[in-house]
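Student: What follows is work_22.txt, made up of compact mmCIF, C-alpha atoms and all ligand atoms:
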```txt
# COMPACT_ATOMS: atom_id res chain seq x y z
CA MET Y 6 -6.28 17.07 29.49
CA SER Y 7 -9.36 14.96 30.22
CA ASP Y 8 -9.04 11.54 31.88
CA VAL Y 9 -10.06 9.79 28.68
CA SER Y 10 -7.60 11.54 26.38
CA GLU Y 11 -4.84 11.13 28.97
CA ARG Y 12 -5.50 7.41 29.02
CA GLN Y 13 -5.55 7.27 25.21
CA GLN Y 14 -2.27 9.14 25.16
CA LYS Y 15 -0.74 6.58 27.51
CA VAL Y 16 -1.98 3.67 25.42
CA SER Y 17 -0.58 5.16 22.24
CA ASN Y 18 2.75 6.13 23.78
CA ASN Y 19 3.13 2.64 25.08
CA ARG Y 20 2.15 1.04 21.79
CA ILE Y 21 4.44 3.13 19.56
CA SER Y 22 8.05 2.30 20.37
CA THR Y 23 11.53 1.63 19.02
CA ASP Y 24 12.15 -1.30 21.39
CA LEU Y 25 13.38 -4.10 19.11
CA GLY Y 26 13.78 -6.58 21.97
CA ARG Y 27 10.13 -6.21 22.91
CA ALA Y 28 9.11 -6.51 19.24
CA VAL Y 29 11.02 -9.77 18.84
CA ASP Y 30 9.48 -11.17 22.06
CA ILE Y 31 5.99 -10.35 20.79
CA LEU Y 32 6.68 -12.06 17.45
CA ARG Y 33 8.01 -15.16 19.24
CA GLN Y 34 4.87 -15.27 21.38
CA GLY Y 35 2.62 -15.17 18.33
CA GLY Y 36 1.67 -11.50 18.61
CA LEU Y 37 1.43 -8.70 16.04
CA VAL Y 38 4.14 -6.09 15.48
CA ALA Y 39 3.68 -3.27 13.00
CA PHE Y 40 7.04 -2.22 11.58
CA PRO Y 41 8.36 0.35 9.13
CA THR Y 42 9.63 -0.64 5.72
CA GLU Y 43 10.93 1.66 2.99
CA THR Y 44 7.59 1.27 1.14
CA VAL Y 45 4.80 1.34 3.76
CA TYR Y 46 4.37 0.02 7.32
CA GLY Y 47 3.71 -3.72 7.56
CA LEU Y 48 1.59 -5.63 10.07
CA GLY Y 49 3.92 -8.48 11.01
CA ALA Y 50 3.56 -11.92 12.56
CA ASN Y 51 5.74 -15.03 12.71
CA ALA Y 52 5.24 -16.51 9.22
CA SER Y 53 5.85 -20.04 10.52
CA ASP Y 54 3.02 -19.77 13.07
CA PRO Y 55 -0.39 -20.15 11.37
CA ASP Y 56 -2.30 -18.88 14.43
CA ALA Y 57 -0.17 -15.75 14.53
CA VAL Y 58 -0.75 -15.13 10.80
CA ARG Y 59 -4.50 -15.61 11.30
CA ARG Y 60 -4.39 -12.73 13.79
CA ILE Y 61 -3.18 -10.47 10.95
CA PHE Y 62 -6.30 -11.27 8.94
CA ALA Y 63 -8.55 -10.67 11.94
CA ALA Y 64 -6.88 -7.33 12.75
CA LYS Y 65 -7.15 -6.08 9.16
CA GLY Y 66 -10.57 -7.52 8.41
CA ARG Y 67 -8.93 -9.10 5.39
CA PRO Y 68 -10.47 -12.08 3.51
CA ALA Y 69 -8.59 -15.30 4.27
CA ASP Y 70 -7.80 -16.15 0.65
CA HIS Y 71 -5.52 -13.12 0.19
CA PRO Y 72 -1.89 -14.27 0.45
CA VAL Y 73 0.61 -12.29 2.52
CA ILE Y 74 4.25 -11.48 1.75
CA VAL Y 75 6.99 -13.16 3.80
CA HIS Y 76 9.78 -10.75 4.79
CA ILE Y 77 13.28 -12.15 5.30
CA SER Y 78 16.60 -10.49 6.10
CA ASP Y 79 18.79 -12.29 3.61
CA VAL Y 80 18.59 -13.99 0.22
CA ALA Y 81 20.20 -17.03 1.88
CA GLN Y 82 16.88 -17.61 3.69
CA LEU Y 83 15.02 -18.01 0.39
CA SER Y 84 15.45 -21.78 0.49
CA ASP Y 85 13.48 -21.92 3.78
CA TRP Y 86 10.37 -20.80 1.89
CA VAL Y 87 10.94 -21.58 -1.78
CA GLY Y 88 11.28 -24.93 -3.53
CA ASP Y 89 13.22 -24.33 -6.74
CA VAL Y 90 14.75 -20.87 -6.90
CA PRO Y 91 15.00 -19.88 -10.58
CA GLN Y 92 18.13 -18.01 -11.72
CA VAL Y 93 16.03 -14.99 -12.68
CA ALA Y 94 14.95 -14.65 -9.03
CA LEU Y 95 18.57 -14.62 -7.93
CA ASP Y 96 19.37 -11.99 -10.56
CA LEU Y 97 16.52 -9.76 -9.36
CA ALA Y 98 17.46 -10.31 -5.71
CA GLU Y 99 21.04 -9.35 -6.48
CA ALA Y 100 19.91 -6.17 -8.21
CA PHE Y 101 17.09 -4.99 -5.93
CA TRP Y 102 17.36 -6.61 -2.47
CA PRO Y 103 17.24 -5.26 0.07
CA GLY Y 104 14.58 -3.03 -1.46
CA PRO Y 105 11.02 -2.51 -2.68
CA LEU Y 106 10.63 -5.69 -4.76
CA THR Y 107 8.50 -8.75 -3.96
CA LEU Y 108 9.14 -11.98 -5.85
CA ILE Y 109 6.42 -14.61 -6.33
CA LEU Y 110 8.08 -18.02 -6.25
CA PRO Y 111 7.11 -21.70 -6.00
CA ARG Y 112 6.50 -22.37 -2.31
CA ARG Y 113 7.92 -25.15 -0.16
CA ASP Y 114 5.33 -27.54 1.29
CA THR Y 115 6.24 -26.36 4.77
CA VAL Y 116 4.91 -22.82 4.20
CA PRO Y 117 1.61 -22.47 6.08
CA ASN Y 118 -1.45 -22.31 3.81
CA VAL Y 119 -2.69 -19.24 5.61
CA VAL Y 120 0.41 -17.39 4.33
CA THR Y 121 -0.08 -18.34 0.68
CA GLY Y 122 -3.88 -18.28 0.61
CA GLY Y 123 -3.64 -21.91 -0.50
CA LEU Y 124 -1.65 -21.01 -3.65
CA ALA Y 125 1.32 -23.01 -4.94
CA THR Y 126 3.46 -19.87 -4.71
CA VAL Y 127 4.75 -17.58 -1.98
CA GLY Y 128 5.64 -13.88 -2.10
CA ILE Y 129 9.03 -12.97 -0.59
CA ARG Y 130 10.86 -9.73 -0.02
CA VAL Y 131 13.93 -8.37 1.79
CA PRO Y 132 13.11 -4.82 2.95
CA SER Y 133 15.87 -2.21 3.15
CA HIS Y 134 14.58 -0.08 6.06
CA THR Y 135 17.21 -0.32 8.81
CA LEU Y 136 14.66 -1.03 11.56
CA ALA Y 137 12.89 -3.70 9.49
CA PHE Y 138 16.22 -5.27 8.69
CA ALA Y 139 17.30 -5.23 12.35
CA LEU Y 140 13.98 -6.73 13.43
CA LEU Y 141 14.22 -9.54 10.88
CA ARG Y 142 17.83 -10.25 11.78
CA ARG Y 143 17.12 -10.48 15.50
CA PHE Y 144 13.94 -12.49 15.01
CA GLY Y 145 15.77 -14.87 12.69
CA GLY Y 146 12.73 -16.27 10.85
CA GLY Y 147 10.32 -14.97 8.24
CA VAL Y 148 7.78 -12.29 9.11
CA ALA Y 149 4.46 -12.38 7.25
CA ALA Y 150 3.24 -8.84 6.71
CA PRO Y 151 0.64 -7.09 4.62
CA SER Y 152 0.37 -3.32 4.78
CA ALA Y 153 -0.74 -2.28 8.30
CA ASN Y 154 -4.11 -0.79 7.32
CA ARG Y 155 -7.69 -2.01 7.57
CA PHE Y 156 -8.62 -3.99 4.46
CA GLY Y 157 -9.16 -1.78 1.40
CA ARG Y 158 -7.99 1.40 3.12
CA ILE Y 159 -4.96 3.63 2.59
CA SER Y 160 -1.62 2.03 3.47
CA PRO Y 161 0.18 3.66 6.41
CA THR Y 162 3.47 5.46 5.81
CA ARG Y 163 3.98 6.65 9.42
CA ALA Y 164 3.64 5.00 12.83
CA GLU Y 165 0.73 7.30 13.75
CA HIS Y 166 -1.17 6.12 10.67
CA VAL Y 167 -0.91 2.54 11.94
CA LEU Y 168 -2.21 3.58 15.35
CA ALA Y 169 -5.14 5.36 13.68
CA GLU Y 170 -5.90 2.30 11.52
CA LEU Y 171 -5.43 -0.53 13.99
CA GLY Y 172 -5.19 0.90 17.52
CA GLU Y 173 -5.29 -1.88 20.07
CA ARG Y 174 -5.50 -4.58 17.41
CA VAL Y 175 -1.71 -4.45 17.16
CA ASP Y 176 0.55 -5.31 20.12
CA LEU Y 177 3.39 -2.95 19.22
CA ILE Y 178 4.16 -0.38 16.53
CA LEU Y 179 7.85 0.11 15.79
CA ASP Y 180 8.42 3.73 14.86
CA GLY Y 181 10.85 4.22 11.99
CA GLY Y 182 9.63 7.61 10.82
CA ALA Y 183 8.12 8.36 7.43
CA ALA Y 184 8.46 5.66 4.75
CA GLU Y 185 10.85 6.72 2.04
CA VAL Y 186 9.21 5.17 -1.03
CA GLY Y 187 5.62 5.74 0.08
CA VAL Y 188 3.89 3.17 -2.16
CA GLU Y 189 4.04 -0.61 -1.89
CA SER Y 190 6.68 -2.87 -3.39
CA THR Y 191 6.75 -3.89 -7.03
CA ILE Y 192 5.53 -7.50 -7.32
CA VAL Y 193 6.97 -9.75 -10.04
CA ASP Y 194 5.84 -13.33 -10.60
CA VAL Y 195 8.91 -15.40 -11.43
CA SER Y 196 7.31 -18.72 -10.51
CA ARG Y 197 6.93 -19.84 -14.13
CA GLY Y 198 7.72 -18.71 -17.67
CA THR Y 199 8.45 -15.10 -18.54
CA PRO Y 200 8.49 -12.82 -15.47
CA ARG Y 201 5.20 -10.96 -15.08
CA LEU Y 202 4.53 -7.67 -13.31
CA LEU Y 203 1.63 -8.11 -10.85
CA ARG Y 204 1.84 -4.73 -9.12
CA PRO Y 205 3.87 -1.65 -10.11
CA GLY Y 206 5.73 -0.12 -7.17
CA GLY Y 207 9.03 1.12 -5.82
CA VAL Y 208 11.11 -0.58 -8.54
CA SER Y 209 10.17 0.71 -12.00
CA VAL Y 210 9.53 -1.37 -15.11
CA ALA Y 211 12.56 0.28 -16.73
CA GLN Y 212 14.73 -0.92 -13.82
CA LEU Y 213 13.28 -4.44 -14.10
CA ARG Y 214 13.97 -4.51 -17.85
CA GLU Y 215 17.62 -3.68 -17.26
CA VAL Y 216 17.95 -6.97 -15.38
CA LEU Y 217 15.32 -9.14 -17.03
CA GLY Y 218 15.30 -8.13 -20.65
CA GLU Y 219 11.72 -9.27 -20.94
CA VAL Y 220 8.92 -8.68 -18.45
CA ILE Y 221 5.21 -9.03 -19.17
CA VAL Y 222 3.25 -5.93 -18.17
CA PRO Y 223 -0.46 -6.89 -18.29
CA GLU Y 224 -3.02 -4.45 -19.74
CA SER Y 225 -4.80 -4.31 -16.40
CA VAL Y 226 -1.72 -2.71 -14.84
CA VAL Y 227 -1.33 0.08 -17.40
CA GLU Y 228 -4.96 1.07 -18.06
CA LYS Y 229 -5.73 4.61 -17.02
CA HIS Y 230 -9.09 4.16 -15.32
CA GLN Y 231 -11.01 1.36 -13.67
CA GLN Y 232 -13.08 -0.76 -16.01
CA GLU Y 233 -16.64 0.55 -16.12
CA ALA Y 234 -17.88 -2.95 -15.39
CA ASP Y 235 -16.06 -2.85 -12.05
CA VAL Y 236 -17.92 0.28 -11.10
CA ARG Y 237 -21.36 -0.92 -12.09
CA ALA Y 238 -21.09 -3.91 -9.78
CA PRO Y 239 -20.04 -2.35 -6.48
CA GLY Y 240 -19.25 -5.78 -5.03
CA THR Y 241 -16.43 -6.17 -7.51
CA LEU Y 242 -15.20 -2.57 -7.33
CA ALA Y 243 -11.42 -2.71 -7.46
CA SER Y 244 -11.39 -0.01 -4.78
CA HIS Y 245 -8.35 -0.26 -2.59
CA TYR Y 246 -6.00 2.20 -0.96
CA ALA Y 247 -9.14 4.33 -0.70
CA PRO Y 248 -10.18 7.30 1.45
CA THR Y 249 -13.69 7.27 3.00
CA THR Y 250 -14.52 10.60 1.35
CA PRO Y 251 -15.73 10.05 -2.24
CA THR Y 252 -12.66 10.49 -4.42
CA VAL Y 253 -12.49 11.08 -8.17
CA LEU Y 254 -9.65 11.21 -10.68
CA VAL Y 255 -10.06 14.13 -13.07
CA GLU Y 256 -8.03 15.48 -16.01
CA LYS Y 257 -6.35 18.81 -15.26
CA THR Y 258 -8.59 20.59 -17.78
CA GLU Y 259 -11.77 19.43 -16.00
CA ILE Y 260 -10.87 20.52 -12.48
CA GLU Y 261 -12.39 23.98 -12.85
CA SER Y 262 -15.82 22.68 -13.87
CA MET Y 263 -15.72 20.06 -11.09
CA LEU Y 264 -15.03 22.79 -8.55
CA THR Y 265 -18.00 24.76 -9.84
CA ARG Y 266 -20.22 21.73 -9.22
CA TYR Y 267 -18.59 20.81 -5.90
CA PRO Y 268 -17.48 24.03 -4.19
CA ARG Y 269 -16.64 22.15 -1.00
CA ALA Y 270 -14.23 19.78 -2.70
CA CYS Y 271 -10.53 19.32 -1.90
CA VAL Y 272 -7.96 18.98 -4.65
CA LEU Y 273 -4.75 16.98 -4.86
CA SER Y 274 -2.43 17.99 -7.72
CA TYR Y 275 1.15 17.67 -8.94
CA TYR Y 276 1.19 21.32 -10.02
CA PRO Y 277 0.70 24.54 -8.03
CA HIS Y 278 -2.75 25.82 -7.12
CA PRO Y 279 -3.92 28.12 -9.96
CA ALA Y 280 -4.77 31.46 -8.35
CA HIS Y 281 -8.20 31.78 -10.00
CA LEU Y 282 -9.53 28.49 -8.58
CA SER Y 283 -10.87 28.18 -5.06
CA ALA Y 284 -11.08 24.91 -3.19
CA THR Y 285 -11.62 24.03 0.49
CA VAL Y 286 -8.11 22.62 0.57
CA TRP Y 287 -5.64 22.45 -2.30
CA ARG Y 288 -2.77 20.03 -1.70
CA HIS Y 289 0.12 20.45 -4.08
CA LEU Y 290 2.57 17.54 -4.34
CA SER Y 291 5.77 17.28 -6.36
CA ASP Y 292 5.84 16.91 -10.14
CA SER Y 293 8.50 14.22 -9.67
CA PRO Y 294 6.86 10.76 -9.46
CA VAL Y 295 9.27 9.60 -6.75
CA ALA Y 296 8.60 12.56 -4.45
CA TYR Y 297 4.86 12.46 -5.26
CA ALA Y 298 4.69 8.76 -4.28
CA ARG Y 299 6.42 9.47 -0.97
CA GLU Y 300 3.73 11.98 0.06
CA LEU Y 301 0.69 10.46 -1.64
CA TYR Y 302 -0.82 8.40 1.19
CA THR Y 303 -0.21 11.07 3.82
CA ALA Y 304 -1.88 13.61 1.54
CA LEU Y 305 -4.90 11.34 0.95
CA ARG Y 306 -5.22 10.78 4.71
CA ASP Y 307 -5.02 14.51 5.40
CA LEU Y 308 -7.61 15.30 2.74
CA ASP Y 309 -9.85 12.53 4.06
CA ALA Y 310 -9.70 14.21 7.48
CA ALA Y 311 -10.35 17.71 6.08
CA ALA Y 312 -13.93 18.89 5.83
CA CYS Y 313 -14.44 18.24 2.12
CA ASP Y 314 -17.38 16.46 0.56
CA LEU Y 315 -15.31 15.27 -2.40
CA ILE Y 316 -11.61 14.71 -3.07
CA ILE Y 317 -10.64 15.62 -6.63
CA VAL Y 318 -7.32 14.16 -7.71
CA ALA Y 319 -5.69 15.68 -10.79
CA ALA Y 320 -4.65 12.88 -13.17
CA VAL Y 321 -0.88 12.49 -13.27
CA PRO Y 322 1.18 12.37 -16.50
CA ASP Y 323 0.68 9.37 -18.74
CA ASP Y 324 4.31 8.34 -18.53
CA PRO Y 325 5.91 5.02 -17.43
CA ALA Y 326 7.68 6.74 -14.53
CA TRP Y 327 4.24 7.45 -13.02
CA LEU Y 328 2.96 3.86 -13.39
CA ALA Y 329 2.86 2.96 -9.67
CA VAL Y 330 1.26 6.27 -8.68
CA ARG Y 331 -1.30 5.99 -11.49
CA ASP Y 332 -2.17 2.46 -10.37
CA ARG Y 333 -2.79 3.58 -6.77
CA LEU Y 334 -4.80 6.62 -7.84
CA ARG Y 335 -6.96 4.46 -10.09
CA ARG Y 336 -7.71 2.16 -7.15
CA ALA Y 337 -8.36 5.01 -4.72
CA THR Y 338 -10.89 6.69 -6.99
CA THR Y 339 -14.14 6.27 -8.88
CA PRO Y 340 -13.99 7.24 -12.58
CA PRO Y 341 -15.34 10.80 -12.97
CA THR Y 342 -17.56 9.93 -15.93
CA LYS Y 343 -19.40 7.35 -13.87
CA ALA Y 344 -19.19 9.24 -10.59
CA SER Y 345 -21.77 11.75 -11.76
CA THR Y 346 -24.36 8.97 -11.95
CA GLU Y 347 -23.18 6.94 -8.98
CA SER Y 348 -25.22 6.95 -5.80
CA ARG Y 349 -22.25 8.13 -3.73
CA THR Y 350 -22.19 11.42 -5.59
CA VAL Y 351 -25.97 11.72 -5.84
CA THR Y 352 -26.08 11.43 -2.05
CA LEU Y 353 -23.69 14.34 -1.87
CA GLU Y 354 -26.00 16.51 -3.96
CA ASP Y 355 -29.03 15.44 -1.90
CA ASN Y 356 -27.34 16.47 1.34
CA PRO Y 357 -25.54 19.70 0.67
O1 LIG P 401 5.57 -2.94 0.09
C1 LIG P 401 4.93 -3.94 0.37
O2 LIG P 401 4.86 -4.92 -0.38
C2 LIG P 401 4.21 -3.95 1.74
C3 LIG P 401 5.28 -4.00 2.83
C4 LIG P 401 4.67 -4.12 4.20
O3 LIG P 401 6.16 -5.05 2.57
N1 LIG P 401 3.33 -5.07 1.81
C5 LIG P 401 2.19 -5.14 1.11
O4 LIG P 401 1.43 -6.26 1.41
O5 LIG P 401 1.82 -4.30 0.32
P1 LIG P 401 -0.09 -6.40 0.97
O6 LIG P 401 -0.55 -7.67 1.59
O7 LIG P 401 -0.84 -5.18 1.33
O8 LIG P 401 -0.01 -6.59 -0.55
C6 LIG P 401 0.62 -7.75 -1.04
C7 LIG P 401 0.05 -8.17 -2.35
C8 LIG P 401 -1.40 -8.62 -2.22
O9 LIG P 401 -2.13 -8.02 -3.27
C9 LIG P 401 -1.32 -10.10 -2.42
O10 LIG P 401 -2.46 -10.61 -3.05
C10 LIG P 401 -0.06 -10.27 -3.25
O11 LIG P 401 0.79 -9.31 -2.77
N2 LIG P 401 0.54 -11.60 -3.07
C11 LIG P 401 1.11 -12.11 -1.97
N3 LIG P 401 1.50 -13.38 -2.16
C12 LIG P 401 1.16 -13.69 -3.43
C13 LIG P 401 1.27 -14.86 -4.24
N4 LIG P 401 1.80 -15.99 -3.79
N5 LIG P 401 0.80 -14.79 -5.52
C14 LIG P 401 0.25 -13.66 -6.00
N6 LIG P 401 0.11 -12.53 -5.28
C15 LIG P 401 0.54 -12.54 -4.02
MG MG P 402 -2.14 -3.66 1.32
```
Show the structure stored in the file as structure tokens.

Tutor:
Amino acid sequence: MSDVSERQQKVSNNRISTDLGRAVDILRQGGLVAFPTETVYGLGANASDPDAVRRIFAAKGRPADHPVIVHISDVAQLSDWVGDVPQVALDLAEAFWPGPLTLILPRRDTVPNVVTGGLATVGIRVPSHTLAFALLRRFGGGVAAPSANRFGRISPTRAEHVLAELGERVDLILDGGAAEVGVESTIVDVSRGTPRLLRPGGVSVAQLREVLGEVIVPESVVEKHQQEADVRAPGTLASHYAPTTPTVLVEKTEIESMLTRYPRACVLSYYPHPAHLSATVWRHLSDSPVAYARELYTALRDLDAAACDLIIVAAVPDDPAWLAVRDRLRRATTPPTKASTESRTVTLEDNP
């Protein structure tokens, strides 16, 4: 092993750990600890320490007006962060905490502005991962944590992903293995009026309806593809959770013709690789939305690292059970109809 790679190995071994005591010390000192949750890994800092939370934004390259979620270990801590706790929040907490649900609630004045992005609300969640829970319990306070990736990139579902994303920008990475849910928490705004779904995730709309009766699901959450307007103005592209390799979402029936045009493309599908089609890499995930979600980000990372000039994702079934996966795929991709005229793809053709 060369000197350089040996040194890198040492740095990474030292940074990835299961030492809770060290993690708590770092949080108390205002440092950054990446930790596993059941959804994705979070990049945590003491939520009561504005300077510590600012370090999260610097490490991620995230704009300052994006609020971060506060993670707590117990519903009893809600009153530290939230002014009036509506009954519906308690009902949801009872049903889904600890678990992959974030509640948007009216904030207390004491919550640092850097946590809420200056909003009148704060996002709170109690994660169920045993290591996250243990960390929060031992730390005692709230931990502000977005997903532990660089801004706009794919969320990490393993400790090594965090190291690849953030390296020395994070003081410690707690290793809790592969995240079980694989996509981020469901976010529900219960701060006023009828509860509103802001982001589909680990808790399904059907599960929410069992508790809430009524929940508003905005059009923007269910639409199948990005708005064309978003794509025409690259500055406003809703691209998030995205690989660096150009990535397109394509109906199953169109994959063959795409592969003819892009013979060095990789494919991600929820069905087996049809024998007559050839692709540089064909990654087959489960046809169950839960199992597909668990593997999705790892698969996108792997395909991004493979030598493909395009990632073709087969559109998943248009069924409510696939809502969270469809949302993430939509954000990770450029619509195929537009992609053919977009400069990203033209560049590909110019540089075979
Ligand atoms: O599963 C998850 O939620 C993971 C794990 C680490 O807990 N966290 C996560 O955080 O996905 P992040 O920052 O990547 O996404 C949180 C989303 C952001 O889109 C943010 O704008 C929104 O939650 N959010 C946070 N506080 C909010 C608030 N007060 N009002 C509206 N949206 C809020
Ligand atoms: Mg994120």

Student: Of the candidates Y:Arg306, Y:His278, Y:Arg33, Y:Arg204, which one gets nearest to ligand LIG 401 (chain P) if we count all atoms listed in the file?

Tutor: Y:Arg204

Student: Quick one: residues within 10 Å of His71 of chain Y, all atoms listed in the file, excluding same-chain residues fewer than 3 positions away - as a PyMOL selection string?

Tutor: chain Y and resi 62+67-68+119-124+151

Student: Find the spatial neighbours of Tyr275 of chain Y, counting only C-alpha atoms, within a cut-off of 10 Å - ignore same-chain residues fewer than 2 positions away - and output them as a list in words.

Tutor: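 In the requested form, the answer reads Lys257, Leu273, Pro277, His278, Arg288, His289, Leu290, Ser291, Asp292, Ser293, Pro294, Tyr297, Val318, Ala319, Ala320, Val321 and Pro322 of chain Y.
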
Student: To one decimal place, how far is atom CA of Arg331 of chain Y from atom CA of Val148 of chain Y in Å?

Tutor: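 So the answer is 29.0 Å.
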
Student: Could you list the protein, DNA and RNA residues that have any atom within 6 Å of ligand LIG 401 (chain P), counting all atoms listed in the file, and write them as a list of chain:residue names?

Tutor: Y:Thr44, Y:Val45, Y:Tyr46, Y:Gly47, Y:His71, Y:Pro72, Y:Val73, Y:Ile74, Y:Ile109, Y:Thr121, Y:Thr126, Y:Val127, Y:Gly128, Y:Ala150, Y:Pro151, Y:Ser152, Y:Glu189, Y:Ser190

Student: Within 8 Å of ligand MG 402 (chain P), counting all atoms listed in the file, which protein or nucleic acid residues do you find, written as a JSON list (two decimals) with C-alpha atoms, keeping the file's coordinate frame?

Tutor:
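Output contents, as saved in selection_32.json:
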```
[["chain", "number", "residue", "atom", "x", "y", "z"],
["Y", 151, "PRO", "CA", 0.64, -7.09, 4.62],
["Y", 152, "SER", "CA", 0.37, -3.32, 4.78],
["Y", 153, "ALA", "CA", -0.74, -2.28, 8.30],
["Y", 154, "ASN", "CA", -4.11, -0.79, 7.32],
["Y", 156, "PHE", "CA", -8.62, -3.99, 4.46],
["Y", 157, "GLY", "CA", -9.16, -1.78, 1.40],
["Y", 158, "ARG", "CA", -7.99, 1.40, 3.12],
["Y", 159, "ILE", "CA", -4.96, 3.63, 2.59],
["Y", 160, "SER", "CA", -1.62, 2.03, 3.47],
["Y", 189, "GLU", "CA", 4.04, -0.61, -1.89],
["Y", 246, "TYR", "CA", -6.00, 2.20, -0.96]]
```

Student: If we count only C-alpha atoms and set the cut-off at 12 Å, which residues sit around Arg60 of chain Y, ignoring sequence neighbours fewer than 2 positions away in its own chain? Please answer as a PyMOL selection string.

Tutor: chain Y and resi 32+35-38+48-52+54-58+62-69+119-120+149-151+174-176

Student: Measuring between all atoms listed in the file, which one of Y:Ala211, Y:Val226, Y:Leu140, Y:Leu108 shows the shortest distance to Arg336 of chain Y?

Tutor: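 Ranked by minimum distance to Arg336 of chain Y, first place goes to Y:Val226.
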
Student: Pick the closest to Glu170 of chain Y from Y:Leu97, Y:Ala39, Y:Ala270, Y:Thr191: which is it, counting all atoms listed in the file?

Tutor: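 Looking only at the distances to Glu170 of chain Y, the closest residue turns out to be Y:Ala39.
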
Student: Which of these, Y:Leu334, Y:Leu282, Y:Val216, Y:Cys271, has the shortest distance to Leu315 of chain Y once you count only C-alpha atoms?

Tutor: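 Using only C-alpha atoms, the shortest distance to Leu315 of chain Y belongs to Y:Cys271.
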
Student: In Å, how far is it from atom CA of Glu228 of chain Y to atom CA of Asp332 of chain Y?

Tutor: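 Separating atom CA of Glu228 of chain Y from atom CA of Asp332 of chain Y is a distance of 8.3 Å.
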
Student: Applying 12 Å and only C-alpha atoms, which residues near Asp85 of chain Y remain after dropping the ones on its own chain fewer than 4 positions away? List them as a PDB file with C-alpha atoms, keeping the file's coordinate frame.

Tutor:
```pdb
ATOM      1  CA  ALA Y  52       5.240 -16.510   9.220  1.00  0.00           C
ATOM      2  CA  SER Y  53       5.850 -20.040  10.520  1.00  0.00           C
ATOM      3  CA  VAL Y  75       6.990 -13.160   3.800  1.00  0.00           C
ATOM      4  CA  HIS Y  76       9.780 -10.750   4.790  1.00  0.00           C
ATOM      5  CA  ILE Y  77      13.280 -12.150   5.300  1.00  0.00           C
ATOM      6  CA  ASP Y  79      18.790 -12.290   3.610  1.00  0.00           C
ATOM      7  CA  VAL Y  80      18.590 -13.990   0.220  1.00  0.00           C
ATOM      8  CA  ALA Y  81      20.200 -17.030   1.880  1.00  0.00           C
ATOM      9  CA  ASP Y  89      13.220 -24.330  -6.740  1.00  0.00           C
ATOM     10  CA  VAL Y  90      14.750 -20.870  -6.900  1.00  0.00           C
ATOM     11  CA  PRO Y 111       7.110 -21.700  -6.000  1.00  0.00           C
ATOM     12  CA  ARG Y 112       6.500 -22.370  -2.310  1.00  0.00           C
ATOM     13  CA  ARG Y 113       7.920 -25.150  -0.160  1.00  0.00           C
ATOM     14  CA  ASP Y 114       5.330 -27.540   1.290  1.00  0.00           C
ATOM     15  CA  THR Y 115       6.240 -26.360   4.770  1.00  0.00           C
ATOM     16  CA  VAL Y 116       4.910 -22.820   4.200  1.00  0.00           C
ATOM     17  CA  VAL Y 127       4.750 -17.580  -1.980  1.00  0.00           C
ATOM     18  CA  ILE Y 129       9.030 -12.970  -0.590  1.00  0.00           C
ATOM     19  CA  GLY Y 145      15.770 -14.870  12.690  1.00  0.00           C
ATOM     20  CA  GLY Y 146      12.730 -16.270  10.850  1.00  0.00           C
ATOM     21  CA  GLY Y 147      10.320 -14.970   8.240  1.00  0.00           C
TER      22      GLY Y 147
END
```

Student: Considering only C-alpha atoms, can you say which of Y:Ile316, Y:Val210, Y:Val195, Y:Ala337 comes closest to Ala247 of chain Y?

Tutor: Y:Ala337

Student: Using all atoms listed in the file, which residue out of Y:Ala28, Y:Ala169, Y:Ala296, Y:Ala310 lies closest to Glu185 of chain Y?

Tutor: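 Closest residue, counting all atoms listed in the file: Y:Ala296.
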
Student: Using only C-alpha atoms, collect all residues at a distance of at most 7 Å from (-11.4, 12.9, -13.0) as written in the file, then present them as a list in words.

Tutor: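 Output: Val253, Leu254, Val255, Glu256, Ile317, Val318, Ala319, Ala320, Pro340 and Pro341 of chain Y.
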
Student: What is the distance between atom CA of Leu141 of chain Y and atom CA of Thr23 of chain Y, in Å to one decimal?

Tutor: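 Separating atom CA of Leu141 of chain Y from atom CA of Thr23 of chain Y is a distance of 14.1 Å.
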
Student: Mind giving me the axis-aligned box for segment 25-34 of chain Y with 5 Å on every side, centre plus edges in Å to one decimal, as JSON?

Tutor:
```
{"center_x": 9.3, "center_y": -9.7, "center_z": 20.2, "size_x": 18.9, "size_y": 21.2, "size_z": 15.5}
```
